[in-house]
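Asker: Input file: start25.cif. Contents: mmCIF, N, CA and C atoms.
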```cif
data_entry
loop_
_atom_site.label_atom_id
_atom_site.label_comp_id
_atom_site.auth_asym_id
_atom_site.auth_seq_id
_atom_site.Cartn_x
_atom_site.Cartn_y
_atom_site.Cartn_z
N MET A 1 2.48 26.84 16.34
CA MET A 1 2.53 26.81 14.90
C MET A 1 2.61 28.25 14.40
N THR A 2 3.50 28.48 13.46
CA THR A 2 3.64 29.85 12.94
C THR A 2 2.52 30.15 11.95
N ALA A 3 2.34 31.43 11.68
CA ALA A 3 1.28 31.85 10.75
C ALA A 3 1.45 31.23 9.37
N PRO A 4 2.66 31.22 8.77
CA PRO A 4 2.80 30.59 7.44
C PRO A 4 2.49 29.10 7.46
N GLU A 5 2.88 28.41 8.55
CA GLU A 5 2.57 26.98 8.65
C GLU A 5 1.06 26.76 8.73
N GLU A 6 0.40 27.58 9.54
CA GLU A 6 -1.06 27.49 9.69
C GLU A 6 -1.74 27.77 8.36
N GLU A 7 -1.27 28.79 7.65
CA GLU A 7 -1.86 29.13 6.35
C GLU A 7 -1.68 27.98 5.35
N ARG A 8 -0.50 27.38 5.33
CA ARG A 8 -0.24 26.26 4.42
C ARG A 8 -1.14 25.08 4.77
N ARG A 9 -1.32 24.81 6.07
CA ARG A 9 -2.17 23.70 6.51
C ARG A 9 -3.62 23.93 6.07
N VAL A 10 -4.10 25.16 6.20
CA VAL A 10 -5.47 25.49 5.78
C VAL A 10 -5.61 25.37 4.27
N GLN A 11 -4.62 25.87 3.53
CA GLN A 11 -4.67 25.78 2.07
C GLN A 11 -4.67 24.31 1.61
N ASP A 12 -3.87 23.47 2.25
CA ASP A 12 -3.85 22.04 1.91
C ASP A 12 -5.21 21.41 2.19
N ALA A 13 -5.81 21.75 3.30
CA ALA A 13 -7.14 21.21 3.64
C ALA A 13 -8.19 21.65 2.64
N VAL A 14 -8.12 22.91 2.22
CA VAL A 14 -9.07 23.42 1.22
C VAL A 14 -8.89 22.68 -0.10
N ARG A 15 -7.63 22.47 -0.52
CA ARG A 15 -7.37 21.73 -1.77
C ARG A 15 -7.90 20.31 -1.70
N ARG A 16 -7.66 19.64 -0.58
CA ARG A 16 -8.17 18.26 -0.41
C ARG A 16 -9.68 18.23 -0.49
N HIS A 17 -10.32 19.18 0.18
CA HIS A 17 -11.79 19.25 0.17
C HIS A 17 -12.31 19.51 -1.25
N ALA A 18 -11.69 20.43 -1.97
CA ALA A 18 -12.12 20.75 -3.34
C ALA A 18 -11.95 19.55 -4.25
N ARG A 19 -10.84 18.84 -4.12
CA ARG A 19 -10.60 17.66 -4.95
C ARG A 19 -11.61 16.56 -4.64
N THR A 20 -11.86 16.32 -3.36
CA THR A 20 -12.83 15.30 -2.96
C THR A 20 -14.21 15.64 -3.49
N ARG A 21 -14.58 16.90 -3.38
CA ARG A 21 -15.90 17.33 -3.86
C ARG A 21 -16.00 17.20 -5.38
N ALA A 22 -14.94 17.57 -6.10
CA ALA A 22 -14.95 17.47 -7.56
C ALA A 22 -15.10 16.01 -8.00
N PHE A 23 -14.38 15.08 -7.33
CA PHE A 23 -14.50 13.67 -7.68
C PHE A 23 -15.91 13.15 -7.37
N ALA A 24 -16.48 13.56 -6.26
CA ALA A 24 -17.83 13.12 -5.91
C ALA A 24 -18.85 13.63 -6.93
N GLU A 25 -18.71 14.88 -7.34
CA GLU A 25 -19.62 15.43 -8.35
C GLU A 25 -19.46 14.70 -9.68
N ALA A 26 -18.23 14.39 -10.07
CA ALA A 26 -18.00 13.65 -11.31
C ALA A 26 -18.62 12.27 -11.24
N GLU A 27 -18.47 11.60 -10.12
CA GLU A 27 -19.09 10.27 -9.94
C GLU A 27 -20.61 10.36 -10.08
N ASP A 28 -21.21 11.40 -9.51
CA ASP A 28 -22.66 11.59 -9.62
C ASP A 28 -23.08 11.76 -11.07
N VAL A 29 -22.34 12.56 -11.82
CA VAL A 29 -22.67 12.79 -13.24
C VAL A 29 -22.52 11.50 -14.03
N VAL A 30 -21.44 10.78 -13.82
CA VAL A 30 -21.22 9.53 -14.54
C VAL A 30 -22.33 8.54 -14.20
N SER A 31 -22.67 8.41 -12.95
CA SER A 31 -23.75 7.50 -12.54
C SER A 31 -25.07 7.88 -13.19
N PHE A 32 -25.35 9.18 -13.23
CA PHE A 32 -26.60 9.65 -13.84
C PHE A 32 -26.63 9.29 -15.33
N VAL A 33 -25.54 9.55 -16.04
CA VAL A 33 -25.49 9.25 -17.47
C VAL A 33 -25.62 7.75 -17.71
N LEU A 34 -24.91 6.95 -16.94
CA LEU A 34 -24.94 5.50 -17.13
C LEU A 34 -26.29 4.89 -16.78
N SER A 35 -27.07 5.56 -15.96
CA SER A 35 -28.38 5.02 -15.60
C SER A 35 -29.46 5.34 -16.63
N ASP A 36 -29.15 6.18 -17.60
CA ASP A 36 -30.11 6.52 -18.64
C ASP A 36 -30.50 5.26 -19.42
N PRO A 37 -31.81 5.03 -19.67
CA PRO A 37 -32.24 3.83 -20.39
C PRO A 37 -31.58 3.67 -21.77
N GLY A 38 -31.40 4.75 -22.49
CA GLY A 38 -30.75 4.67 -23.80
C GLY A 38 -29.30 4.24 -23.69
N VAL A 39 -28.61 4.73 -22.69
CA VAL A 39 -27.21 4.35 -22.47
C VAL A 39 -27.15 2.88 -22.06
N ARG A 40 -28.05 2.45 -21.19
CA ARG A 40 -28.07 1.04 -20.77
C ARG A 40 -28.34 0.13 -21.97
N GLU A 41 -29.27 0.53 -22.84
CA GLU A 41 -29.57 -0.27 -24.03
C GLU A 41 -28.35 -0.35 -24.95
N ALA A 42 -27.69 0.76 -25.17
CA ALA A 42 -26.49 0.76 -26.01
C ALA A 42 -25.40 -0.11 -25.40
N ARG A 43 -25.21 -0.01 -24.08
CA ARG A 43 -24.21 -0.84 -23.40
C ARG A 43 -24.53 -2.32 -23.56
N ASP A 44 -25.80 -2.69 -23.44
CA ASP A 44 -26.21 -4.08 -23.60
C ASP A 44 -25.95 -4.58 -25.02
N ARG A 45 -26.20 -3.72 -26.02
CA ARG A 45 -25.95 -4.11 -27.41
C ARG A 45 -24.46 -4.28 -27.67
N VAL A 46 -23.65 -3.38 -27.13
CA VAL A 46 -22.19 -3.49 -27.29
C VAL A 46 -21.70 -4.77 -26.62
N GLU A 47 -22.17 -5.04 -25.42
CA GLU A 47 -21.75 -6.25 -24.71
C GLU A 47 -22.14 -7.51 -25.48
N ALA A 48 -23.34 -7.53 -26.05
CA ALA A 48 -23.77 -8.68 -26.84
C ALA A 48 -22.88 -8.87 -28.06
N ALA A 49 -22.53 -7.78 -28.74
CA ALA A 49 -21.66 -7.87 -29.92
C ALA A 49 -20.26 -8.34 -29.52
N GLU A 50 -19.74 -7.83 -28.40
CA GLU A 50 -18.41 -8.23 -27.94
C GLU A 50 -18.39 -9.72 -27.56
N THR A 51 -19.47 -10.19 -26.94
CA THR A 51 -19.56 -11.59 -26.57
C THR A 51 -19.66 -12.47 -27.81
N GLU A 52 -20.46 -12.05 -28.78
CA GLU A 52 -20.60 -12.82 -30.02
C GLU A 52 -19.26 -12.92 -30.75
N LEU A 53 -18.56 -11.79 -30.89
CA LEU A 53 -17.26 -11.80 -31.55
C LEU A 53 -16.26 -12.63 -30.76
N GLY A 54 -16.31 -12.53 -29.43
CA GLY A 54 -15.42 -13.34 -28.60
C GLY A 54 -15.62 -14.83 -28.83
N MET A 55 -16.87 -15.25 -28.95
CA MET A 55 -17.17 -16.66 -29.23
C MET A 55 -16.68 -17.06 -30.61
N GLU A 56 -16.86 -16.18 -31.60
CA GLU A 56 -16.40 -16.49 -32.96
C GLU A 56 -14.90 -16.68 -33.02
N LEU A 57 -14.16 -15.91 -32.24
CA LEU A 57 -12.70 -15.96 -32.26
C LEU A 57 -12.13 -17.02 -31.31
N CYS A 58 -12.97 -17.62 -30.51
CA CYS A 58 -12.52 -18.52 -29.45
C CYS A 58 -11.69 -19.68 -29.99
N ALA A 59 -12.16 -20.35 -31.01
CA ALA A 59 -11.45 -21.54 -31.51
C ALA A 59 -10.03 -21.18 -31.94
N ARG A 60 -9.87 -20.03 -32.57
CA ARG A 60 -8.56 -19.63 -33.07
C ARG A 60 -7.66 -19.04 -31.98
N LEU A 61 -8.24 -18.34 -31.00
CA LEU A 61 -7.44 -17.62 -30.01
C LEU A 61 -7.33 -18.30 -28.64
N GLN A 62 -8.05 -19.39 -28.43
CA GLN A 62 -8.01 -20.09 -27.13
C GLN A 62 -6.59 -20.48 -26.70
N PRO A 63 -5.69 -20.87 -27.64
CA PRO A 63 -4.32 -21.18 -27.18
C PRO A 63 -3.65 -20.02 -26.45
N PHE A 64 -3.98 -18.78 -26.80
CA PHE A 64 -3.42 -17.63 -26.09
C PHE A 64 -3.93 -17.58 -24.66
N GLN A 65 -5.21 -17.89 -24.46
CA GLN A 65 -5.78 -17.94 -23.11
C GLN A 65 -5.12 -19.05 -22.31
N ASP A 66 -4.92 -20.21 -22.94
CA ASP A 66 -4.29 -21.33 -22.26
C ASP A 66 -2.87 -20.97 -21.82
N ARG A 67 -2.09 -20.32 -22.71
CA ARG A 67 -0.72 -19.92 -22.36
C ARG A 67 -0.73 -18.89 -21.23
N TYR A 68 -1.67 -17.95 -21.30
CA TYR A 68 -1.79 -16.93 -20.24
C TYR A 68 -2.10 -17.60 -18.91
N ASP A 69 -3.09 -18.48 -18.90
CA ASP A 69 -3.47 -19.17 -17.66
C ASP A 69 -2.30 -19.96 -17.09
N GLN A 70 -1.55 -20.65 -17.95
CA GLN A 70 -0.39 -21.42 -17.50
C GLN A 70 0.68 -20.50 -16.93
N ALA A 71 0.92 -19.36 -17.59
CA ALA A 71 1.92 -18.42 -17.10
C ALA A 71 1.52 -17.86 -15.73
N VAL A 72 0.24 -17.59 -15.55
CA VAL A 72 -0.24 -17.10 -14.25
C VAL A 72 -0.05 -18.18 -13.19
N GLN A 73 -0.40 -19.42 -13.53
CA GLN A 73 -0.28 -20.53 -12.59
C GLN A 73 1.18 -20.78 -12.21
N ASP A 74 2.09 -20.71 -13.20
CA ASP A 74 3.50 -20.99 -12.96
C ASP A 74 4.29 -19.78 -12.48
N GLY A 75 3.66 -18.61 -12.51
CA GLY A 75 4.40 -17.39 -12.18
C GLY A 75 5.39 -17.02 -13.26
N GLY A 76 5.02 -17.30 -14.51
CA GLY A 76 5.90 -17.05 -15.66
C GLY A 76 5.93 -15.57 -16.03
N ALA A 77 6.70 -14.80 -15.29
CA ALA A 77 6.75 -13.35 -15.50
C ALA A 77 7.24 -13.00 -16.90
N ASP A 78 8.18 -13.76 -17.46
CA ASP A 78 8.68 -13.47 -18.81
C ASP A 78 7.56 -13.59 -19.84
N ARG A 79 6.76 -14.64 -19.73
CA ARG A 79 5.64 -14.81 -20.68
C ARG A 79 4.58 -13.75 -20.46
N LEU A 80 4.32 -13.40 -19.22
CA LEU A 80 3.30 -12.39 -18.93
C LEU A 80 3.74 -11.01 -19.39
N ALA A 81 5.04 -10.76 -19.39
CA ALA A 81 5.55 -9.44 -19.80
C ALA A 81 5.27 -9.17 -21.28
N GLY A 82 5.11 -10.20 -22.08
CA GLY A 82 4.85 -10.01 -23.51
C GLY A 82 3.38 -9.94 -23.87
N VAL A 83 2.52 -9.97 -22.86
CA VAL A 83 1.08 -9.93 -23.09
C VAL A 83 0.62 -8.49 -23.31
N CYS A 84 -0.38 -8.31 -24.14
CA CYS A 84 -0.96 -7.00 -24.43
C CYS A 84 -1.35 -6.28 -23.15
N ALA A 85 -1.17 -4.99 -23.14
CA ALA A 85 -1.54 -4.19 -21.97
C ALA A 85 -3.02 -3.80 -22.00
N GLY A 86 -3.73 -4.16 -23.07
CA GLY A 86 -5.14 -3.80 -23.20
C GLY A 86 -6.00 -4.49 -22.17
N LYS A 87 -6.78 -3.71 -21.47
CA LYS A 87 -7.64 -4.29 -20.44
C LYS A 87 -8.77 -3.35 -20.09
N HIS A 88 -9.74 -3.91 -19.48
CA HIS A 88 -10.81 -3.16 -18.85
C HIS A 88 -10.95 -3.79 -17.47
N GLY A 89 -10.08 -3.39 -16.59
CA GLY A 89 -10.00 -4.01 -15.28
C GLY A 89 -11.29 -3.99 -14.49
N ARG A 90 -12.05 -2.91 -14.58
CA ARG A 90 -13.29 -2.80 -13.82
C ARG A 90 -14.28 -3.90 -14.22
N TRP A 91 -14.20 -4.34 -15.49
CA TRP A 91 -15.12 -5.36 -15.97
C TRP A 91 -14.45 -6.72 -16.05
N GLY A 92 -13.29 -6.87 -15.48
CA GLY A 92 -12.63 -8.17 -15.42
C GLY A 92 -12.07 -8.65 -16.74
N ARG A 93 -11.74 -7.74 -17.64
CA ARG A 93 -11.20 -8.13 -18.94
C ARG A 93 -9.70 -7.89 -18.97
N ILE A 94 -8.96 -8.90 -19.39
CA ILE A 94 -7.53 -8.76 -19.62
C ILE A 94 -7.26 -9.41 -20.96
N CYS A 95 -6.66 -8.65 -21.88
CA CYS A 95 -6.33 -9.20 -23.19
C CYS A 95 -5.18 -10.18 -23.03
N VAL A 96 -5.33 -11.38 -23.58
CA VAL A 96 -4.32 -12.43 -23.46
C VAL A 96 -3.47 -12.57 -24.71
N LEU A 97 -3.69 -11.71 -25.69
CA LEU A 97 -2.92 -11.77 -26.93
C LEU A 97 -1.56 -11.11 -26.75
N PRO A 98 -0.63 -11.38 -27.67
CA PRO A 98 0.70 -10.75 -27.53
C PRO A 98 0.62 -9.25 -27.72
N ASP A 99 1.54 -8.54 -27.09
CA ASP A 99 1.63 -7.10 -27.25
C ASP A 99 1.80 -6.76 -28.72
N GLY A 100 1.06 -5.76 -29.20
CA GLY A 100 1.15 -5.34 -30.60
C GLY A 100 0.24 -6.12 -31.54
N HIS A 101 -0.63 -6.96 -31.00
CA HIS A 101 -1.48 -7.80 -31.84
C HIS A 101 -2.40 -7.01 -32.76
N GLU A 102 -2.76 -5.79 -32.35
CA GLU A 102 -3.69 -5.00 -33.16
C GLU A 102 -3.13 -4.74 -34.55
N THR A 103 -1.82 -4.59 -34.66
CA THR A 103 -1.21 -4.33 -35.97
C THR A 103 -0.62 -5.59 -36.58
N SER A 104 0.05 -6.42 -35.79
CA SER A 104 0.70 -7.59 -36.36
C SER A 104 -0.29 -8.70 -36.71
N MET A 105 -1.29 -8.91 -35.88
CA MET A 105 -2.27 -9.97 -36.12
C MET A 105 -3.59 -9.41 -36.64
N GLU A 106 -3.76 -8.10 -36.51
CA GLU A 106 -5.01 -7.43 -36.87
C GLU A 106 -6.21 -8.04 -36.17
N GLU A 107 -6.05 -8.26 -34.87
CA GLU A 107 -7.12 -8.81 -34.04
C GLU A 107 -7.52 -7.77 -32.99
N PRO A 108 -8.80 -7.79 -32.58
CA PRO A 108 -9.20 -6.94 -31.45
C PRO A 108 -8.62 -7.53 -30.17
N HIS A 109 -8.78 -6.82 -29.06
CA HIS A 109 -8.40 -7.41 -27.77
C HIS A 109 -9.28 -8.62 -27.55
N TRP A 110 -8.73 -9.67 -26.93
CA TRP A 110 -9.50 -10.89 -26.71
C TRP A 110 -9.08 -11.53 -25.39
N GLY A 111 -10.06 -12.04 -24.68
CA GLY A 111 -9.82 -12.73 -23.42
C GLY A 111 -11.13 -13.25 -22.87
N ARG A 112 -11.25 -13.26 -21.58
CA ARG A 112 -12.49 -13.73 -20.93
C ARG A 112 -13.03 -12.59 -20.07
N ASN A 113 -14.35 -12.55 -19.96
CA ASN A 113 -14.94 -11.53 -19.08
C ASN A 113 -14.96 -12.06 -17.65
N SER A 114 -15.52 -11.30 -16.74
CA SER A 114 -15.50 -11.68 -15.32
C SER A 114 -16.31 -12.94 -15.05
N GLU A 115 -17.20 -13.31 -15.97
CA GLU A 115 -17.97 -14.56 -15.82
C GLU A 115 -17.26 -15.74 -16.49
N GLY A 116 -16.11 -15.48 -17.13
CA GLY A 116 -15.35 -16.55 -17.77
C GLY A 116 -15.72 -16.80 -19.22
N ARG A 117 -16.60 -15.98 -19.79
CA ARG A 117 -16.99 -16.15 -21.20
C ARG A 117 -15.99 -15.44 -22.10
N PRO A 118 -15.71 -16.02 -23.29
CA PRO A 118 -14.83 -15.34 -24.25
C PRO A 118 -15.45 -14.01 -24.67
N ILE A 119 -14.59 -13.01 -24.82
CA ILE A 119 -15.06 -11.68 -25.20
C ILE A 119 -13.98 -10.99 -26.01
N ALA A 120 -14.40 -10.22 -27.00
CA ALA A 120 -13.47 -9.43 -27.82
C ALA A 120 -13.92 -7.99 -27.75
N TRP A 121 -12.96 -7.05 -27.74
CA TRP A 121 -13.31 -5.64 -27.66
C TRP A 121 -12.26 -4.80 -28.31
N VAL A 122 -12.66 -3.59 -28.62
CA VAL A 122 -11.77 -2.60 -29.24
C VAL A 122 -11.55 -1.49 -28.22
N GLY A 123 -10.34 -1.01 -28.11
CA GLY A 123 -10.04 0.05 -27.16
C GLY A 123 -9.65 -0.52 -25.82
N SER A 124 -9.20 0.33 -24.94
CA SER A 124 -8.76 -0.08 -23.62
C SER A 124 -9.07 1.03 -22.64
N ALA A 125 -9.05 0.68 -21.39
CA ALA A 125 -9.32 1.66 -20.33
C ALA A 125 -8.50 1.30 -19.11
N PRO A 126 -8.17 2.28 -18.30
CA PRO A 126 -7.45 1.96 -17.07
C PRO A 126 -8.30 1.11 -16.13
N ASP A 127 -7.65 0.48 -15.18
CA ASP A 127 -8.36 -0.42 -14.28
C ASP A 127 -9.55 0.20 -13.57
N GLY A 128 -9.46 1.48 -13.25
CA GLY A 128 -10.53 2.10 -12.48
C GLY A 128 -11.76 2.48 -13.29
N TRP A 129 -11.70 2.33 -14.61
CA TRP A 129 -12.84 2.75 -15.43
C TRP A 129 -13.46 1.61 -16.14
#
```
For this file, produce the structure as structure tokens.
Answerer:
Amino acid sequence: MTAPEEERRVQDAVRRHARTRAFAEAEDVVSFVLSDPGVREARDRVEAAETELGMELCARLQPFQDRYDQAVQDGGADRLAGVCAGKHGRWGRICVLPDGHETSMEEPHWGRNSEGRPIAWVGSAPDGW
């Protein structure tokens, strides 16, 4: 192996190590913050409000869940393509309303949580968060 190749290999290894360490440190900070009793209490209150609103909207929005479930069962990619991209994948939430519902229908995101209960929420997050 030539000296420039060796140097590049070492630099790549250092970058990988630094990135891995930075992600581990970030995970530690996030875990510490989320374990705070005040943060847990706030999270519980938000979840209760989201569940309550989800139940209130259930009668009116359930047909969207039914269409989503049918499209998933049938493999209806065309119908699924028009569904809102809003989700909180880590918590099992997928909005079943049509794309653009926040402005056209003036509704929050709505669907079911990982336990199958109706839930409504504002905002979205990538699957990993």
Asker: For the PyMOL selection byres ((chain A and resi 82) around 8), applied here, can you spell out every residue it catches as a PyMOL selection string?
Answerer: chain A and resi 77-81+83-85+96-100
Asker: Let me see the file: selected residues, N, CA and C atoms, as an mmCIF file, in the frame of the given file.
Answerer:
```
data_model
loop_
_atom_site.group_PDB
_atom_site.id
_atom_site.type_symbol
_atom_site.label_atom_id
_atom_site.label_comp_id
_atom_site.auth_asym_id
_atom_site.auth_seq_id
_atom_site.Cartn_x
_atom_site.Cartn_y
_atom_site.Cartn_z
ATOM 1 N N ALA A 77 6.700 -14.800 -15.290
ATOM 2 C CA ALA A 77 6.750 -13.350 -15.500
ATOM 3 C C ALA A 77 7.240 -13.000 -16.900
ATOM 4 N N ASP A 78 8.180 -13.760 -17.460
ATOM 5 C CA ASP A 78 8.680 -13.470 -18.810
ATOM 6 C C ASP A 78 7.560 -13.590 -19.840
ATOM 7 N N ARG A 79 6.760 -14.640 -19.730
ATOM 8 C CA ARG A 79 5.640 -14.810 -20.680
ATOM 9 C C ARG A 79 4.580 -13.750 -20.460
ATOM 10 N N LEU A 80 4.320 -13.400 -19.220
ATOM 11 C CA LEU A 80 3.300 -12.390 -18.930
ATOM 12 C C LEU A 80 3.740 -11.010 -19.390
ATOM 13 N N ALA A 81 5.040 -10.760 -19.390
ATOM 14 C CA ALA A 81 5.550 -9.440 -19.800
ATOM 15 C C ALA A 81 5.270 -9.170 -21.280
ATOM 16 N N VAL A 83 2.520 -9.970 -22.860
ATOM 17 C CA VAL A 83 1.080 -9.930 -23.090
ATOM 18 C C VAL A 83 0.620 -8.490 -23.310
ATOM 19 N N CYS A 84 -0.380 -8.310 -24.140
ATOM 20 C CA CYS A 84 -0.960 -7.000 -24.430
ATOM 21 C C CYS A 84 -1.350 -6.280 -23.150
ATOM 22 N N ALA A 85 -1.170 -4.990 -23.140
ATOM 23 C CA ALA A 85 -1.540 -4.190 -21.970
ATOM 24 C C ALA A 85 -3.020 -3.800 -22.000
ATOM 25 N N VAL A 96 -5.330 -11.380 -23.580
ATOM 26 C CA VAL A 96 -4.320 -12.430 -23.460
ATOM 27 C C VAL A 96 -3.470 -12.570 -24.710
ATOM 28 N N LEU A 97 -3.690 -11.710 -25.690
ATOM 29 C CA LEU A 97 -2.920 -11.770 -26.930
ATOM 30 C C LEU A 97 -1.560 -11.110 -26.750
ATOM 31 N N PRO A 98 -0.630 -11.380 -27.670
ATOM 32 C CA PRO A 98 0.700 -10.750 -27.530
ATOM 33 C C PRO A 98 0.620 -9.250 -27.720
ATOM 34 N N ASP A 99 1.540 -8.540 -27.090
ATOM 35 C CA ASP A 99 1.630 -7.100 -27.250
ATOM 36 C C ASP A 99 1.800 -6.760 -28.720
ATOM 37 N N GLY A 100 1.060 -5.760 -29.200
ATOM 38 C CA GLY A 100 1.150 -5.340 -30.600
ATOM 39 C C GLY A 100 0.240 -6.120 -31.540
#
```
Asker: Per residue of range 42-73 of chain A within 8 Å of range 106-113 of chain A, what are the shortest atom pair and its distance in Å to one decimal, counting all atoms listed in the file, with rows by chain and residue number, as JSON lines?
Answerer:
```
{"residue": "A:Gly54", "atom": "CA", "partner": "A:Trp110", "partner_atom": "CA", "distance": 6.7}
{"residue": "A:Leu61", "atom": "C", "partner": "A:Trp110", "partner_atom": "C", "distance": 7.7}
{"residue": "A:Phe64", "atom": "C", "partner": "A:Gly111", "partner_atom": "CA", "distance": 7.7}
{"residue": "A:Gln65", "atom": "CA", "partner": "A:Gly111", "partner_atom": "CA", "distance": 6.6}
```
Asker: Mind checking DSSP for chain A and telling me the alpha helix (DSSP H) residues as a PyMOL selection string?
Answerer: chain A and resi 3-34+37-74+77-81+101-104
Asker: As an exercise, work out the distance from CA of Ala59 in chain A to atom N of Ile119 in chain A in Å and give it to one decimal place.
Answerer: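 Answer for the CA of Ala59 in chain A to atom N of Ile119 in chain A separation: 11.3 Å.
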Asker: Record the distance separating atom C of Arg21 in chain A and atom C of Arg93 in chain A, expressed in Å with one decimal.
Answerer: 29.2 Å
Asker: What does the distance between atom N of Met55 in chain A and atom C of Glu115 in chain A come to in Å, to one decimal place?
Answerer: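 Taking atom N of Met55 in chain A and atom C of Glu115 in chain A, their separation equals 12.5 Å.
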Asker: So which one's closest to Glu56 in chain A, A:Pro118, A:Tyr68, A:Gly123, A:Ala13? Using all atoms listed in the file, please.
Answerer: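 Looking at the shortest contact to Glu56 in chain A, the residue is A:Pro118.
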Asker: A:Gln70, A:Gly92, A:Arg9, A:His101: which is nearest Ser114 in chain A, counting only N, CA and C atoms?
Answerer: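 Closest to Ser114 in chain A, using only N, CA and C atoms: A:Gly92.
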Asker: Would you give me, as a PyMOL selection string, the residues in range 31-96 of chain A that DSSP reads as strand (DSSP E or B)?
Answerer: chain A and resi 83+87-88+93-94
